[in-house]
>>> print(open('upload.pdb').read())   # PDB, C-alpha atoms and all ligand atoms
ATOM      1  CA  MET A   1     -91.239 -24.418  55.552  1.00  0.00           C
ATOM      2  CA  HIS A   2     -88.996 -21.429  56.076  1.00  0.00           C
ATOM      3  CA  ILE A   3     -86.724 -21.317  59.102  1.00  0.00           C
ATOM      4  CA  SER A   4     -86.092 -17.889  60.633  1.00  0.00           C
ATOM      5  CA  ALA A   5     -83.931 -16.555  63.439  1.00  0.00           C
ATOM      6  CA  VAL A   6     -85.214 -13.874  65.782  1.00  0.00           C
ATOM      7  CA  VAL A   7     -82.394 -12.254  67.723  1.00  0.00           C
ATOM      8  CA  VAL A   8     -81.285  -9.165  69.581  1.00  0.00           C
ATOM      9  CA  VAL A   9     -77.529  -8.585  69.279  1.00  0.00           C
ATOM     10  CA  ASP A  10     -75.064  -5.998  70.489  1.00  0.00           C
ATOM     11  CA  LYS A  11     -72.226  -4.551  68.372  1.00  0.00           C
ATOM     12  CA  ASN A  12     -70.207  -7.772  68.845  1.00  0.00           C
ATOM     13  CA  GLU A  13     -73.113 -10.176  68.127  1.00  0.00           C
ATOM     14  CA  ALA A  14     -73.370 -10.889  71.861  1.00  0.00           C
ATOM     15  CA  ILE A  15     -76.814 -12.098  72.919  1.00  0.00           C
ATOM     16  CA  GLY A  16     -76.639 -12.981  76.598  1.00  0.00           C
ATOM     17  CA  TYR A  17     -74.772 -13.268  79.850  1.00  0.00           C
ATOM     18  CA  GLN A  18     -75.345 -15.741  82.685  1.00  0.00           C
ATOM     19  CA  ASN A  19     -78.547 -16.978  81.069  1.00  0.00           C
ATOM     20  CA  LYS A  20     -80.111 -13.541  80.804  1.00  0.00           C
ATOM     21  CA  LEU A  21     -80.534 -11.062  77.993  1.00  0.00           C
ATOM     22  CA  LEU A  22     -77.980  -8.255  77.942  1.00  0.00           C
ATOM     23  CA  CYS A  23     -80.508  -5.553  78.730  1.00  0.00           C
ATOM     24  CA  HIS A  24     -84.198  -4.858  79.065  1.00  0.00           C
ATOM     25  CA  LEU A  25     -85.467  -3.335  75.832  1.00  0.00           C
ATOM     26  CA  PRO A  26     -89.286  -3.126  75.818  1.00  0.00           C
ATOM     27  CA  ASN A  27     -89.369  -2.102  72.125  1.00  0.00           C
ATOM     28  CA  ASP A  28     -87.613  -5.343  71.241  1.00  0.00           C
ATOM     29  CA  LEU A  29     -90.007  -7.417  73.343  1.00  0.00           C
ATOM     30  CA  LYS A  30     -92.891  -5.821  71.460  1.00  0.00           C
ATOM     31  CA  ARG A  31     -91.323  -6.635  68.116  1.00  0.00           C
ATOM     32  CA  PHE A  32     -90.482 -10.188  69.278  1.00  0.00           C
ATOM     33  CA  LYS A  33     -94.133 -10.736  70.155  1.00  0.00           C
ATOM     34  CA  GLN A  34     -95.300  -9.345  66.827  1.00  0.00           C
ATOM     35  CA  VAL A  35     -92.846 -11.443  64.784  1.00  0.00           C
ATOM     36  CA  THR A  36     -93.377 -14.736  66.624  1.00  0.00           C
ATOM     37  CA  MET A  37     -97.141 -14.606  67.311  1.00  0.00           C
ATOM     38  CA  GLY A  38     -99.004 -17.629  65.949  1.00  0.00           C
ATOM     39  CA  HIS A  39     -95.818 -19.511  65.044  1.00  0.00           C
ATOM     40  CA  HIS A  40     -93.854 -22.484  66.320  1.00  0.00           C
ATOM     41  CA  MET A  41     -90.843 -21.214  68.294  1.00  0.00           C
ATOM     42  CA  LEU A  42     -87.787 -23.418  68.738  1.00  0.00           C
ATOM     43  CA  MET A  43     -85.420 -22.751  71.646  1.00  0.00           C
ATOM     44  CA  GLY A  44     -82.709 -24.388  73.711  1.00  0.00           C
ATOM     45  CA  ARG A  45     -83.423 -25.566  77.241  1.00  0.00           C
ATOM     46  CA  LYS A  46     -81.398 -22.692  78.713  1.00  0.00           C
ATOM     47  CA  THR A  47     -83.326 -20.086  76.773  1.00  0.00           C
ATOM     48  CA  PHE A  48     -86.572 -21.650  77.935  1.00  0.00           C
ATOM     49  CA  GLU A  49     -85.353 -21.428  81.523  1.00  0.00           C
ATOM     50  CA  SER A  50     -84.433 -17.790  81.073  1.00  0.00           C
ATOM     51  CA  ILE A  51     -87.932 -17.033  79.711  1.00  0.00           C
ATOM     52  CA  GLY A  52     -89.447 -19.192  82.437  1.00  0.00           C
ATOM     53  CA  LYS A  53     -92.793 -20.079  80.858  1.00  0.00           C
ATOM     54  CA  PRO A  54     -94.425 -20.923  77.539  1.00  0.00           C
ATOM     55  CA  LEU A  55     -95.453 -17.714  75.792  1.00  0.00           C
ATOM     56  CA  PRO A  56     -99.144 -17.395  74.878  1.00  0.00           C
ATOM     57  CA  GLY A  57    -100.309 -17.604  71.281  1.00  0.00           C
ATOM     58  CA  ARG A  58     -97.248 -19.527  70.144  1.00  0.00           C
ATOM     59  CA  THR A  59     -96.161 -23.191  70.173  1.00  0.00           C
ATOM     60  CA  SER A  60     -93.083 -23.463  72.388  1.00  0.00           C
ATOM     61  CA  MET A  61     -90.629 -26.162  71.359  1.00  0.00           C
ATOM     62  CA  VAL A  62     -87.708 -26.854  73.696  1.00  0.00           C
ATOM     63  CA  LEU A  63     -84.550 -28.810  72.845  1.00  0.00           C
ATOM     64  CA  SER A  64     -82.695 -30.760  75.529  1.00  0.00           C
ATOM     65  CA  THR A  65     -80.506 -33.829  75.588  1.00  0.00           C
ATOM     66  CA  ASP A  66     -82.575 -34.974  78.568  1.00  0.00           C
ATOM     67  CA  ILE A  67     -85.021 -37.369  76.910  1.00  0.00           C
ATOM     68  CA  ASN A  68     -87.209 -37.419  80.023  1.00  0.00           C
ATOM     69  CA  LEU A  69     -87.670 -33.668  80.157  1.00  0.00           C
ATOM     70  CA  GLN A  70     -91.315 -32.609  80.152  1.00  0.00           C
ATOM     71  CA  ILE A  71     -92.459 -29.015  80.460  1.00  0.00           C
ATOM     72  CA  GLU A  72     -96.108 -28.113  80.835  1.00  0.00           C
ATOM     73  CA  GLY A  73     -97.364 -26.171  77.842  1.00  0.00           C
ATOM     74  CA  CYS A  74     -94.286 -26.982  75.719  1.00  0.00           C
ATOM     75  CA  ASN A  75     -93.230 -29.671  73.279  1.00  0.00           C
ATOM     76  CA  THR A  76     -89.817 -31.103  74.119  1.00  0.00           C
ATOM     77  CA  PHE A  77     -87.320 -32.671  71.702  1.00  0.00           C
ATOM     78  CA  SER A  78     -83.921 -34.291  72.053  1.00  0.00           C
ATOM     79  CA  GLU A  79     -83.159 -34.134  68.323  1.00  0.00           C
ATOM     80  CA  ILE A  80     -83.142 -30.894  66.387  1.00  0.00           C
ATOM     81  CA  GLU A  81     -84.408 -32.602  63.208  1.00  0.00           C
ATOM     82  CA  ASP A  82     -87.385 -34.060  65.103  1.00  0.00           C
ATOM     83  CA  ALA A  83     -88.314 -30.563  66.213  1.00  0.00           C
ATOM     84  CA  ILE A  84     -88.146 -29.262  62.639  1.00  0.00           C
ATOM     85  CA  LYS A  85     -90.250 -32.185  61.389  1.00  0.00           C
ATOM     86  CA  PHE A  86     -92.795 -31.551  64.143  1.00  0.00           C
ATOM     87  CA  ALA A  87     -93.306 -27.940  63.027  1.00  0.00           C
ATOM     88  CA  GLN A  88     -93.507 -29.047  59.403  1.00  0.00           C
ATOM     89  CA  SER A  89     -96.086 -31.721  60.195  1.00  0.00           C
ATOM     90  CA  HIS A  90     -98.207 -29.084  61.946  1.00  0.00           C
ATOM     91  CA  LYS A  91     -98.302 -27.047  58.732  1.00  0.00           C
ATOM     92  CA  GLU A  92     -96.018 -24.304  60.018  1.00  0.00           C
ATOM     93  CA  THR A  93     -94.848 -22.060  57.198  1.00  0.00           C
ATOM     94  CA  GLU A  94     -92.162 -20.189  59.166  1.00  0.00           C
ATOM     95  CA  LEU A  95     -90.431 -21.810  62.114  1.00  0.00           C
ATOM     96  CA  MET A  96     -89.077 -19.146  64.474  1.00  0.00           C
ATOM     97  CA  VAL A  97     -85.765 -20.090  66.071  1.00  0.00           C
ATOM     98  CA  ILE A  98     -85.398 -17.867  69.132  1.00  0.00           C
ATOM     99  CA  GLY A  99     -82.071 -18.970  70.616  1.00  0.00           C
ATOM    100  CA  GLY A 100     -79.881 -19.270  72.370  1.00  0.00           C
ATOM    101  CA  GLY A 101     -76.338 -19.335  71.109  1.00  0.00           C
ATOM    102  CA  LYS A 102     -76.095 -23.123  70.909  1.00  0.00           C
ATOM    103  CA  ILE A 103     -79.233 -23.434  68.806  1.00  0.00           C
ATOM    104  CA  PHE A 104     -78.423 -20.507  66.516  1.00  0.00           C
ATOM    105  CA  GLU A 105     -74.989 -22.012  65.860  1.00  0.00           C
ATOM    106  CA  GLN A 106     -76.381 -25.410  64.838  1.00  0.00           C
ATOM    107  CA  LEU A 107     -79.004 -23.937  62.520  1.00  0.00           C
ATOM    108  CA  LYS A 108     -77.023 -21.017  61.112  1.00  0.00           C
ATOM    109  CA  ASP A 109     -76.926 -22.463  57.573  1.00  0.00           C
ATOM    110  CA  ARG A 110     -80.653 -23.223  57.555  1.00  0.00           C
ATOM    111  CA  PHE A 111     -82.053 -19.744  58.141  1.00  0.00           C
ATOM    112  CA  ASN A 112     -83.947 -18.111  55.265  1.00  0.00           C
ATOM    113  CA  LYS A 113     -84.675 -14.985  57.238  1.00  0.00           C
ATOM    114  CA  ILE A 114     -83.135 -13.166  60.186  1.00  0.00           C
ATOM    115  CA  TYR A 115     -85.098 -10.703  62.289  1.00  0.00           C
ATOM    116  CA  TYR A 116     -82.339  -8.682  63.961  1.00  0.00           C
ATOM    117  CA  THR A 117     -82.572  -6.093  66.649  1.00  0.00           C
ATOM    118  CA  HIS A 118     -79.192  -4.365  66.685  1.00  0.00           C
ATOM    119  CA  ILE A 119     -78.373  -2.649  69.960  1.00  0.00           C
ATOM    120  CA  HIS A 120     -75.938   0.209  69.347  1.00  0.00           C
ATOM    121  CA  HIS A 121     -73.757  -0.705  72.280  1.00  0.00           C
ATOM    122  CA  ALA A 122     -71.006  -3.193  73.136  1.00  0.00           C
ATOM    123  CA  PHE A 123     -71.659  -4.905  76.454  1.00  0.00           C
ATOM    124  CA  GLU A 124     -68.573  -5.697  78.516  1.00  0.00           C
ATOM    125  CA  LEU A 125     -69.874  -8.998  79.826  1.00  0.00           C
ATOM    126  CA  ALA A 126     -71.296 -11.664  77.520  1.00  0.00           C
ATOM    127  CA  ASP A 127     -71.087 -15.437  77.217  1.00  0.00           C
ATOM    128  CA  ALA A 128     -73.534 -16.256  74.402  1.00  0.00           C
ATOM    129  CA  TYR A 129     -73.281 -15.075  70.792  1.00  0.00           C
ATOM    130  CA  PHE A 130     -75.127 -15.083  67.468  1.00  0.00           C
ATOM    131  CA  PRO A 131     -73.080 -16.407  64.516  1.00  0.00           C
ATOM    132  CA  LYS A 132     -71.448 -13.747  62.326  1.00  0.00           C
ATOM    133  CA  TYR A 133     -73.065 -13.602  58.886  1.00  0.00           C
ATOM    134  CA  ASP A 134     -71.747 -12.410  55.579  1.00  0.00           C
ATOM    135  CA  LEU A 135     -74.927 -10.723  54.407  1.00  0.00           C
ATOM    136  CA  SER A 136     -73.710 -10.098  50.847  1.00  0.00           C
ATOM    137  CA  GLN A 137     -76.012 -12.902  49.641  1.00  0.00           C
ATOM    138  CA  TRP A 138     -78.942 -11.564  51.635  1.00  0.00           C
ATOM    139  CA  LYS A 139     -81.509  -8.886  50.910  1.00  0.00           C
ATOM    140  CA  LEU A 140     -82.525  -6.224  53.438  1.00  0.00           C
ATOM    141  CA  LEU A 141     -86.333  -6.227  53.648  1.00  0.00           C
ATOM    142  CA  GLU A 142     -86.864  -3.745  56.431  1.00  0.00           C
ATOM    143  CA  LYS A 143     -84.863  -1.343  58.563  1.00  0.00           C
ATOM    144  CA  THR A 144     -86.264   0.833  61.356  1.00  0.00           C
ATOM    145  CA  ALA A 145     -84.053   2.896  63.617  1.00  0.00           C
ATOM    146  CA  CYS A 146     -85.235   3.745  67.152  1.00  0.00           C
ATOM    147  CA  SER A 147     -83.640   6.203  69.527  1.00  0.00           C
ATOM    148  CA  LYS A 148     -83.245   5.489  73.199  1.00  0.00           C
ATOM    149  CA  ASP A 149     -85.928   6.909  75.442  1.00  0.00           C
ATOM    150  CA  GLU A 150     -87.059   6.731  79.062  1.00  0.00           C
ATOM    151  CA  LYS A 151     -88.005   3.026  78.687  1.00  0.00           C
ATOM    152  CA  ASN A 152     -85.339   1.821  76.236  1.00  0.00           C
ATOM    153  CA  SER A 153     -81.813   2.571  77.424  1.00  0.00           C
ATOM    154  CA  PHE A 154     -80.026   2.121  74.079  1.00  0.00           C
ATOM    155  CA  ASP A 155     -80.444   3.229  70.492  1.00  0.00           C
ATOM    156  CA  HIS A 156     -81.421   0.191  68.426  1.00  0.00           C
ATOM    157  CA  THR A 157     -82.332  -0.762  64.872  1.00  0.00           C
ATOM    158  CA  PHE A 158     -84.683  -3.467  63.630  1.00  0.00           C
ATOM    159  CA  GLU A 159     -83.512  -5.165  60.451  1.00  0.00           C
ATOM    160  CA  THR A 160     -85.102  -8.042  58.571  1.00  0.00           C
ATOM    161  CA  TRP A 161     -82.857  -9.906  56.114  1.00  0.00           C
ATOM    162  CA  GLU A 162     -83.825 -12.609  53.634  1.00  0.00           C
ATOM    163  CA  LYS A 163     -81.479 -15.047  51.926  1.00  0.00           C
ATOM    164  CA  ILE A 164     -81.380 -14.515  48.165  1.00  0.00           C
TER     165      ILE A 164
HETATM  166  N1  LIG B 201     -80.436 -11.945  72.488  1.00  0.00           N
HETATM  167  C1  LIG B 201     -81.249 -12.889  72.053  1.00  0.00           C
HETATM  168  O1  LIG B 201     -81.948 -12.712  71.047  1.00  0.00           O
HETATM  169  C2  LIG B 201     -81.332 -14.170  72.801  1.00  0.00           C
HETATM  170  C3  LIG B 201     -82.244 -15.152  72.429  1.00  0.00           C
HETATM  171  C4  LIG B 201     -82.283 -16.343  73.168  1.00  0.00           C
HETATM  172  C5  LIG B 201     -81.398 -16.534  74.217  1.00  0.00           C
HETATM  173  N2  LIG B 201     -80.541 -15.552  74.541  1.00  0.00           N
HETATM  174  C6  LIG B 201     -79.555 -15.733  75.610  1.00  0.00           C
HETATM  175  O2  LIG B 201     -78.692 -16.795  75.230  1.00  0.00           O
HETATM  176  C7  LIG B 201     -78.239 -17.454  76.411  1.00  0.00           C
HETATM  177  C8  LIG B 201     -78.587 -18.923  76.317  1.00  0.00           C
HETATM  178  O3  LIG B 201     -77.908 -19.490  75.205  1.00  0.00           O
HETATM  179  P1  LIG B 201     -77.031 -20.825  75.361  1.00  0.00           P
HETATM  180  O4  LIG B 201     -76.260 -21.008  74.103  1.00  0.00           O
HETATM  181  O5  LIG B 201     -76.299 -20.760  76.640  1.00  0.00           O
HETATM  182  O6  LIG B 201     -78.142 -21.959  75.557  1.00  0.00           O
HETATM  183  P2  LIG B 201     -79.377 -22.428  74.637  1.00  0.00           P
HETATM  184  O7  LIG B 201     -78.945 -22.497  73.208  1.00  0.00           O
HETATM  185  O8  LIG B 201     -80.588 -21.635  74.967  1.00  0.00           O
HETATM  186  O9  LIG B 201     -79.647 -23.881  75.230  1.00  0.00           O
HETATM  187  C9  LIG B 201     -78.609 -24.846  75.180  1.00  0.00           C
HETATM  188  C10 LIG B 201     -79.224 -26.169  75.593  1.00  0.00           C
HETATM  189  O10 LIG B 201     -80.095 -26.651  74.572  1.00  0.00           O
HETATM  190  C11 LIG B 201     -80.021 -28.057  74.496  1.00  0.00           C
HETATM  191  N3  LIG B 201     -79.514 -28.414  73.174  1.00  0.00           N
HETATM  192  C12 LIG B 201     -78.718 -27.680  72.345  1.00  0.00           C
HETATM  193  N4  LIG B 201     -78.502 -28.327  71.190  1.00  0.00           N
HETATM  194  C13 LIG B 201     -79.180 -29.488  71.277  1.00  0.00           C
HETATM  195  C14 LIG B 201     -79.334 -30.588  70.400  1.00  0.00           C
HETATM  196  N5  LIG B 201     -78.781 -30.613  69.160  1.00  0.00           N
HETATM  197  N6  LIG B 201     -80.078 -31.643  70.829  1.00  0.00           N
HETATM  198  C15 LIG B 201     -80.653 -31.630  72.042  1.00  0.00           C
HETATM  199  N7  LIG B 201     -80.548 -30.602  72.913  1.00  0.00           N
HETATM  200  C16 LIG B 201     -79.814 -29.560  72.540  1.00  0.00           C
HETATM  201  C17 LIG B 201     -79.093 -28.499  75.610  1.00  0.00           C
HETATM  202  O11 LIG B 201     -79.920 -28.660  76.758  1.00  0.00           O
HETATM  203  P3  LIG B 201     -79.575 -29.709  77.948  1.00  0.00           P
HETATM  204  O12 LIG B 201     -78.408 -29.114  78.667  1.00  0.00           O
HETATM  205  O13 LIG B 201     -80.835 -29.751  78.756  1.00  0.00           O
HETATM  206  O14 LIG B 201     -79.250 -31.000  77.274  1.00  0.00           O
HETATM  207  C18 LIG B 201     -78.197 -27.285  75.769  1.00  0.00           C
HETATM  208  O15 LIG B 201     -77.568 -27.221  77.039  1.00  0.00           O
HETATM  209  C19 LIG B 201     -78.925 -16.748  77.573  1.00  0.00           C
HETATM  210  O16 LIG B 201     -78.069 -15.743  78.069  1.00  0.00           O
HETATM  211  C20 LIG B 201     -80.151 -16.134  76.924  1.00  0.00           C
HETATM  212  O17 LIG B 201     -80.629 -15.001  77.640  1.00  0.00           O
HETATM  213  C21 LIG B 201     -80.492 -14.381  73.852  1.00  0.00           C
END
>>> encode(input="upload.pdb", output="structure tokens")
Amino acid sequence: MHISAVVVVDKNEAIGYQNKLLCHLPNDLKRFKQVTMGHHMLMGRKTFESIGKPLPGRTSMVLSTDINLQIEGCNTFSEIEDAIKFAQSHKETELMVIGGGKIFEQLKDRFNKIYYTHIHHAFELADAYFPKYDLSQWKLLEKTACSKDEKNSFDHTFETWEKI
């Protein structure tokens, strides 16, 4: 099973502030849906709370140290390896790790693929980050640049990288 990260980062790899995304970018939400649809998605408890509900068409897996945590429509885990095994045992071919910072950090050496959305902006306030990668051992599979428009306030670029 491949393990992938799906992330939207600013110029400093910031990903969130006060348990929210840094901005509303409908183009990114569309791409997130497209990339994750049909897959198991692994997230930290805080990211789940910021999303607020299980997303349709995907298997939501939430990590928490609270062993009694139960969330309707989600599978909960207190061990990261148990979550990975769960996806594997359900014949997942590509586990989508969707954040947040704490989860990305722990799995940073396990990703085979990273689906980035780069926002061409540095936000002043941030408290969650994506790990910095040296992408010299990675291959760029796709790159699509999008200009800001009436719905998307920032220029942004989608990039998909695969570990060589
Ligand atoms: N830009 C993006 O692409 C993106 C994506 C996702 C999230 N975000 C943002 O990132 C921020 C949230 O990130 P975060 O780092 O604060 O939190 P997080 O990674 O979403 O969740 C952290 C929580 O996950 C649980 N956890 C982490 N590691 C665990 C382990 N090994 N075993 C069991 N449980 C574990 C713990 O929950 P308990 O406290 O319950 O034990 C921990 O407090 C928000 O601002 C969110 O909007 C951004």
>>> resolve_selection(input="upload.pdb", expression="the PyMOL selection byres (((not hetatm)) within 9 of (chain B and resi 201))", output="ChimeraX atom specification")
/A:5-10,13-23,43-51,62-67,69,77-81,97-106,116-117,126-130
>>> atom_distance(input="upload.pdb", atom1="atom CA of Thr93 of chain A", atom2="atom CA of His39 of chain A")
8.3 Å
>>> closest_residue(input="upload.pdb", among="A:Ala83, A:Ile119, A:Val35, A:Leu141", to="Ser153 of chain A", atoms="all atoms listed in the file")
A:Ile119
>>> resolve_selection(input="upload.pdb", expression="the PyMOL selection byres (((chain A and resi 27) around 12) and not hetatm)", output="PDB file with C-alpha atoms, keeping the file's coordinate frame")
ATOM      1  CA  VAL A   8     -81.285  -9.165  69.581  1.00  0.00           C
ATOM      2  CA  CYS A  23     -80.508  -5.553  78.730  1.00  0.00           C
ATOM      3  CA  HIS A  24     -84.198  -4.858  79.065  1.00  0.00           C
ATOM      4  CA  LEU A  25     -85.467  -3.335  75.832  1.00  0.00           C
ATOM      5  CA  PRO A  26     -89.286  -3.126  75.818  1.00  0.00           C
ATOM      6  CA  ASP A  28     -87.613  -5.343  71.241  1.00  0.00           C
ATOM      7  CA  LEU A  29     -90.007  -7.417  73.343  1.00  0.00           C
ATOM      8  CA  LYS A  30     -92.891  -5.821  71.460  1.00  0.00           C
ATOM      9  CA  ARG A  31     -91.323  -6.635  68.116  1.00  0.00           C
ATOM     10  CA  PHE A  32     -90.482 -10.188  69.278  1.00  0.00           C
ATOM     11  CA  LYS A  33     -94.133 -10.736  70.155  1.00  0.00           C
ATOM     12  CA  GLN A  34     -95.300  -9.345  66.827  1.00  0.00           C
ATOM     13  CA  THR A 117     -82.572  -6.093  66.649  1.00  0.00           C
ATOM     14  CA  HIS A 118     -79.192  -4.365  66.685  1.00  0.00           C
ATOM     15  CA  ILE A 119     -78.373  -2.649  69.960  1.00  0.00           C
ATOM     16  CA  THR A 144     -86.264   0.833  61.356  1.00  0.00           C
ATOM     17  CA  ALA A 145     -84.053   2.896  63.617  1.00  0.00           C
ATOM     18  CA  CYS A 146     -85.235   3.745  67.152  1.00  0.00           C
ATOM     19  CA  SER A 147     -83.640   6.203  69.527  1.00  0.00           C
ATOM     20  CA  LYS A 148     -83.245   5.489  73.199  1.00  0.00           C
ATOM     21  CA  ASP A 149     -85.928   6.909  75.442  1.00  0.00           C
ATOM     22  CA  GLU A 150     -87.059   6.731  79.062  1.00  0.00           C
ATOM     23  CA  LYS A 151     -88.005   3.026  78.687  1.00  0.00           C
ATOM     24  CA  ASN A 152     -85.339   1.821  76.236  1.00  0.00           C
ATOM     25  CA  SER A 153     -81.813   2.571  77.424  1.00  0.00           C
ATOM     26  CA  PHE A 154     -80.026   2.121  74.079  1.00  0.00           C
ATOM     27  CA  ASP A 155     -80.444   3.229  70.492  1.00  0.00           C
ATOM     28  CA  HIS A 156     -81.421   0.191  68.426  1.00  0.00           C
ATOM     29  CA  THR A 157     -82.332  -0.762  64.872  1.00  0.00           C
ATOM     30  CA  PHE A 158     -84.683  -3.467  63.630  1.00  0.00           C
TER      31      PHE A 158
END
>>> atom_distance(input="upload.pdb", atom1="atom CA of Lys139 of chain A", atom2="atom CA of Lys163 of chain A")
6.2 Å
>>> closest_residue(input="upload.pdb", among="A:Leu135, A:Ile71, A:Ile164, A:Met37", to="Gly52 of chain A", atoms="only C-alpha atoms")
A:Ile71
>>> atom_distance(input="upload.pdb", atom1="atom CA of His40 of chain A", atom2="atom CA of Trp161 of chain A")
19.6 Å
>>> axis_aligned_box(input="upload.pdb", around="segment 4-7 of chain A", padding_each_side="8 Å", output="lines of an AutoDock Vina configuration file")
center_x = -84.2
center_y = -15.1
center_z = 64.2
size_x = 19.7
size_y = 21.6
size_z = 23.1
